[in-house]
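Trainee: Would you mind keeping the following structure in view while I ask a few things?
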Amino acid sequence: MRLTLEPGGEPGGDIAALVRGAAGESRVVVIPATLDALAMAQAKAAIGPLAVELAPATRVNAVVLAEGGDPADVDAAIAFLENAPSTTGQLLEIHSRNL
């Protein structure tokens, strides 16, 4: 299941509530580049502990979309993570192809 962390509110959105409140055996959080540095760090740091907490019944991964990243690449990363049954607690960062 694709989950999108919205900027604003508490630092890091409330990634724990977002992940815990979702259904499904795979949860992939999209972390947007629009988060401030503190919120981004907190969101990234939460993925591993949430994966441990919800294992083995649920896999938790994240995709970080950097500025200039292609949304199609995000979709491909999510599809990969959804279909990788032994992958949990991972963070994939999508950067601009023009680096």
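Here, A, B, ... name the chains of the structure tokens in the order displayed, residue numbers run from 1 inside each chain, and ligands are numbered from 1 in the same displayed order.
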Give me, as number ranges by chain, all polymer residues having an atom no more than 10 Å from A:Arg20, counting only C-alpha atoms and skipping those fewer than 2 positions away in the same chain.

Mentor: A: 15-18, 22-23, 27, 50, 53-54, 60

Trainee: Just want the 12 Å neighbourhood of A:Val52, counted on only C-alpha atoms, with same-chain residues fewer than 3 positions away dropped. Output as number ranges by chain.

Mentor: A: 46-49, 55-61, 87-90

Trainee: What does the structure give for the distance between atom CA of A:Ala43 and atom CA of A:Pro71, in Å to one decimal?

Mentor: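 We find that atom CA of A:Ala43 and atom CA of A:Pro71 lie 19.4 Å from each other.
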
Trainee: Residues within 9 Å of A:Ile31, please, as a PyMOL selection string. Count only C-alpha atoms; anything in the same chain fewer than 2 positions from it doesn't count.

Mentor: chain A and resi 3-7+29+33-35+40+43-44+62-66

Trainee: Generate a file of the selected residues that holds all heavy atoms, formatted as a CSV table (one decimal), in the first residue's frame.

Mentor:
```csv
chain,number,residue,atom,x,y,z
A,3,LEU,N,1.6,5.0,0.8
A,3,LEU,CA,1.2,6.0,1.8
A,3,LEU,C,2.1,7.2,1.6
A,3,LEU,O,3.3,7.1,1.3
A,3,LEU,CB,1.5,5.5,3.2
A,3,LEU,CG,0.9,4.2,3.6
A,3,LEU,CD1,1.5,3.7,4.9
A,3,LEU,CD2,-0.6,4.3,3.7
A,4,THR,N,1.4,8.4,1.6
A,4,THR,CA,2.2,9.6,1.3
A,4,THR,C,2.2,10.5,2.6
A,4,THR,O,1.2,10.8,3.2
A,4,THR,CB,1.6,10.4,0.2
A,4,THR,OG1,1.5,9.6,-1.0
A,4,THR,CG2,2.4,11.7,-0.1
A,5,LEU,N,3.4,10.8,3.0
A,5,LEU,CA,3.6,11.6,4.2
A,5,LEU,C,3.4,13.1,3.8
A,5,LEU,O,4.1,13.6,2.9
A,5,LEU,CB,5.0,11.4,4.8
A,5,LEU,CG,5.4,12.1,6.1
A,5,LEU,CD1,4.4,11.6,7.2
A,5,LEU,CD2,6.8,11.9,6.4
A,6,GLU,N,2.5,13.7,4.4
A,6,GLU,CA,2.2,15.1,4.1
A,6,GLU,C,3.0,16.1,4.9
A,6,GLU,O,3.1,15.9,6.1
A,6,GLU,CB,0.7,15.4,4.3
A,6,GLU,CG,-0.2,14.6,3.4
A,6,GLU,CD,-0.1,14.8,1.9
A,6,GLU,OE1,0.3,16.0,1.6
A,6,GLU,OE2,-0.4,13.9,1.1
A,7,PRO,N,3.6,17.1,4.3
A,7,PRO,CA,4.3,18.1,5.1
A,7,PRO,C,3.4,18.9,6.0
A,7,PRO,O,2.2,19.0,5.7
A,7,PRO,CB,4.9,19.0,4.0
A,7,PRO,CG,4.5,18.5,2.7
A,7,PRO,CD,3.6,17.4,2.9
A,29,VAL,N,6.0,4.1,2.2
A,29,VAL,CA,5.8,5.6,2.5
A,29,VAL,C,6.5,6.4,1.5
A,29,VAL,O,7.7,6.2,1.4
A,29,VAL,CB,6.2,5.9,4.0
A,29,VAL,CG1,6.0,7.4,4.3
A,29,VAL,CG2,5.5,5.0,5.0
A,33,ALA,N,10.2,15.7,-0.9
A,33,ALA,CA,11.3,16.6,-0.7
A,33,ALA,C,10.9,17.9,0.0
A,33,ALA,O,11.8,18.6,0.4
A,33,ALA,CB,12.0,16.9,-2.1
A,34,THR,N,9.7,18.2,0.1
A,34,THR,CA,9.2,19.4,0.6
A,34,THR,C,9.3,19.5,2.2
A,34,THR,O,9.0,20.5,2.8
A,34,THR,CB,7.8,19.7,0.2
A,34,THR,OG1,6.9,18.6,0.5
A,34,THR,CG2,7.7,20.0,-1.3
A,35,LEU,N,9.6,18.4,2.8
A,35,LEU,CA,9.8,18.4,4.3
A,35,LEU,C,11.0,19.2,4.7
A,35,LEU,O,12.0,19.2,3.9
A,35,LEU,CB,9.9,17.0,4.8
A,35,LEU,CG,8.7,16.0,4.7
A,35,LEU,CD1,9.1,14.7,5.3
A,35,LEU,CD2,7.5,16.6,5.4
A,40,MET,N,12.4,15.6,7.7
A,40,MET,CA,13.0,14.6,6.8
A,40,MET,C,13.8,13.6,7.6
A,40,MET,O,13.7,12.4,7.4
A,40,MET,CB,13.8,15.3,5.7
A,40,MET,CG,14.5,14.3,4.7
A,40,MET,SD,13.3,13.4,3.6
A,40,MET,CE,12.9,14.8,2.5
A,43,ALA,N,11.5,11.3,9.7
A,43,ALA,CA,10.8,10.4,8.8
A,43,ALA,C,11.7,9.2,8.4
A,43,ALA,O,11.3,8.1,8.5
A,43,ALA,CB,10.2,11.1,7.6
A,44,LYS,N,12.9,9.6,7.9
A,44,LYS,CA,13.8,8.5,7.5
A,44,LYS,C,14.2,7.6,8.7
A,44,LYS,O,14.3,6.4,8.5
A,44,LYS,CB,15.1,9.2,6.9
A,44,LYS,CG,14.9,9.8,5.6
A,44,LYS,CD,16.2,10.4,5.1
A,44,LYS,CE,16.2,11.0,3.8
A,44,LYS,NZ,17.5,11.5,3.4
A,62,ALA,N,10.3,2.8,2.5
A,62,ALA,CA,10.0,4.2,2.1
A,62,ALA,C,10.7,4.6,0.8
A,62,ALA,O,11.8,4.0,0.5
A,62,ALA,CB,10.4,5.1,3.2
A,63,VAL,N,10.1,5.5,0.1
A,63,VAL,CA,10.7,6.1,-1.1
A,63,VAL,C,10.8,7.6,-0.8
A,63,VAL,O,9.8,8.2,-0.5
A,63,VAL,CB,9.9,5.8,-2.3
A,63,VAL,CG1,10.5,6.5,-3.5
A,63,VAL,CG2,9.8,4.3,-2.6
A,64,VAL,N,12.0,8.2,-0.9
A,64,VAL,CA,12.2,9.6,-0.7
A,64,VAL,C,12.3,10.2,-2.1
A,64,VAL,O,13.2,9.9,-2.9
A,64,VAL,CB,13.5,9.9,0.1
A,64,VAL,CG1,13.7,11.4,0.3
A,64,VAL,CG2,13.4,9.2,1.4
A,65,LEU,N,11.5,11.2,-2.4
A,65,LEU,CA,11.5,11.9,-3.7
A,65,LEU,C,12.2,13.2,-3.5
A,65,LEU,O,11.8,14.1,-2.8
A,65,LEU,CB,10.1,12.1,-4.2
A,65,LEU,CG,10.0,12.9,-5.5
A,65,LEU,CD1,10.7,12.2,-6.6
A,65,LEU,CD2,8.5,13.2,-5.8
A,66,ALA,N,13.4,13.2,-4.0
A,66,ALA,CA,14.2,14.5,-4.0
A,66,ALA,C,13.7,15.5,-5.0
A,66,ALA,O,13.0,15.1,-6.0
A,66,ALA,CB,15.7,14.2,-4.2
```

Trainee: Distance atom CA of A:Gly68-atom CA of A:Ala37, one decimal place?

Mentor: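 One can read the atom CA of A:Gly68 to atom CA of A:Ala37 distance as 17.0 Å.
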
Trainee: With distances taken over only C-alpha atoms, which of A:Gly24, A:Ile78, A:Asp36, A:Asp73 is nearest to A:Leu91?

Mentor: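 Of A:Gly24, A:Ile78, A:Asp36, A:Asp73, the one nearest A:Leu91 is A:Ile78, counting only C-alpha atoms.
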
Trainee: Between atom CA of A:Ser86 and atom CA of A:Gly21, what is the distance in Å, rounded to a tenth?

Mentor: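 Atom CA of A:Gly21 lies 22.1 Å from atom CA of A:Ser86.
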
Trainee: Would you please extract all helix (DSSP H, G or I) residues from stretch 62-92 of chain A, as assigned by DSSP on the backbone, and give them as a list in words?

Mentor: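 These are the residues in question: Pro71, Ala72, Asp73, Val74, Asp75, Ala76, Ala77, Ile78, Ala79, Phe80, Leu81 and Glu82 of chain A.
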
Trainee: Now that the selection is made, can you save its residues with N, CA and C atoms as a short mmCIF file (atom, residue, chain, number, x, y, z; two decimals), in the first residue's frame?

Mentor:
```cif
data_model
loop_
_atom_site.label_atom_id
_atom_site.label_comp_id
_atom_site.auth_asym_id
_atom_site.auth_seq_id
_atom_site.Cartn_x
_atom_site.Cartn_y
_atom_site.Cartn_z
N PRO A 71 8.45 11.43 -10.95
CA PRO A 71 7.39 10.65 -10.31
C PRO A 71 7.26 9.23 -10.87
N ALA A 72 7.61 9.04 -12.14
CA ALA A 72 7.57 7.69 -12.72
C ALA A 72 8.59 6.78 -12.03
N ASP A 73 9.73 7.35 -11.64
CA ASP A 73 10.74 6.58 -10.91
C ASP A 73 10.23 6.19 -9.53
N VAL A 74 9.45 7.07 -8.91
CA VAL A 74 8.84 6.76 -7.61
C VAL A 74 7.88 5.59 -7.78
N ASP A 75 7.05 5.64 -8.82
CA ASP A 75 6.11 4.54 -9.08
C ASP A 75 6.84 3.22 -9.28
N ALA A 76 7.95 3.26 -10.01
CA ALA A 76 8.74 2.04 -10.25
C ALA A 76 9.35 1.52 -8.95
N ALA A 77 9.84 2.43 -8.11
CA ALA A 77 10.43 2.02 -6.83
C ALA A 77 9.36 1.39 -5.93
N ILE A 78 8.17 1.99 -5.91
CA ILE A 78 7.09 1.43 -5.11
C ILE A 78 6.70 0.05 -5.61
N ALA A 79 6.59 -0.10 -6.92
CA ALA A 79 6.26 -1.42 -7.49
C ALA A 79 7.31 -2.45 -7.10
N PHE A 80 8.60 -2.06 -7.15
CA PHE A 80 9.66 -2.97 -6.75
C PHE A 80 9.49 -3.39 -5.30
N LEU A 81 9.31 -2.41 -4.40
CA LEU A 81 9.20 -2.72 -2.98
C LEU A 81 7.95 -3.55 -2.66
N GLU A 82 6.86 -3.28 -3.36
CA GLU A 82 5.63 -4.05 -3.15
C GLU A 82 5.82 -5.52 -3.53
#
```

Trainee: Env of A:Gly69: 8 Å cut, atoms = only C-alpha atoms, seq-sep filter 5 positions within chain, self excluded. Answer as a ChimeraX atom specification.

Mentor: /A:94-97
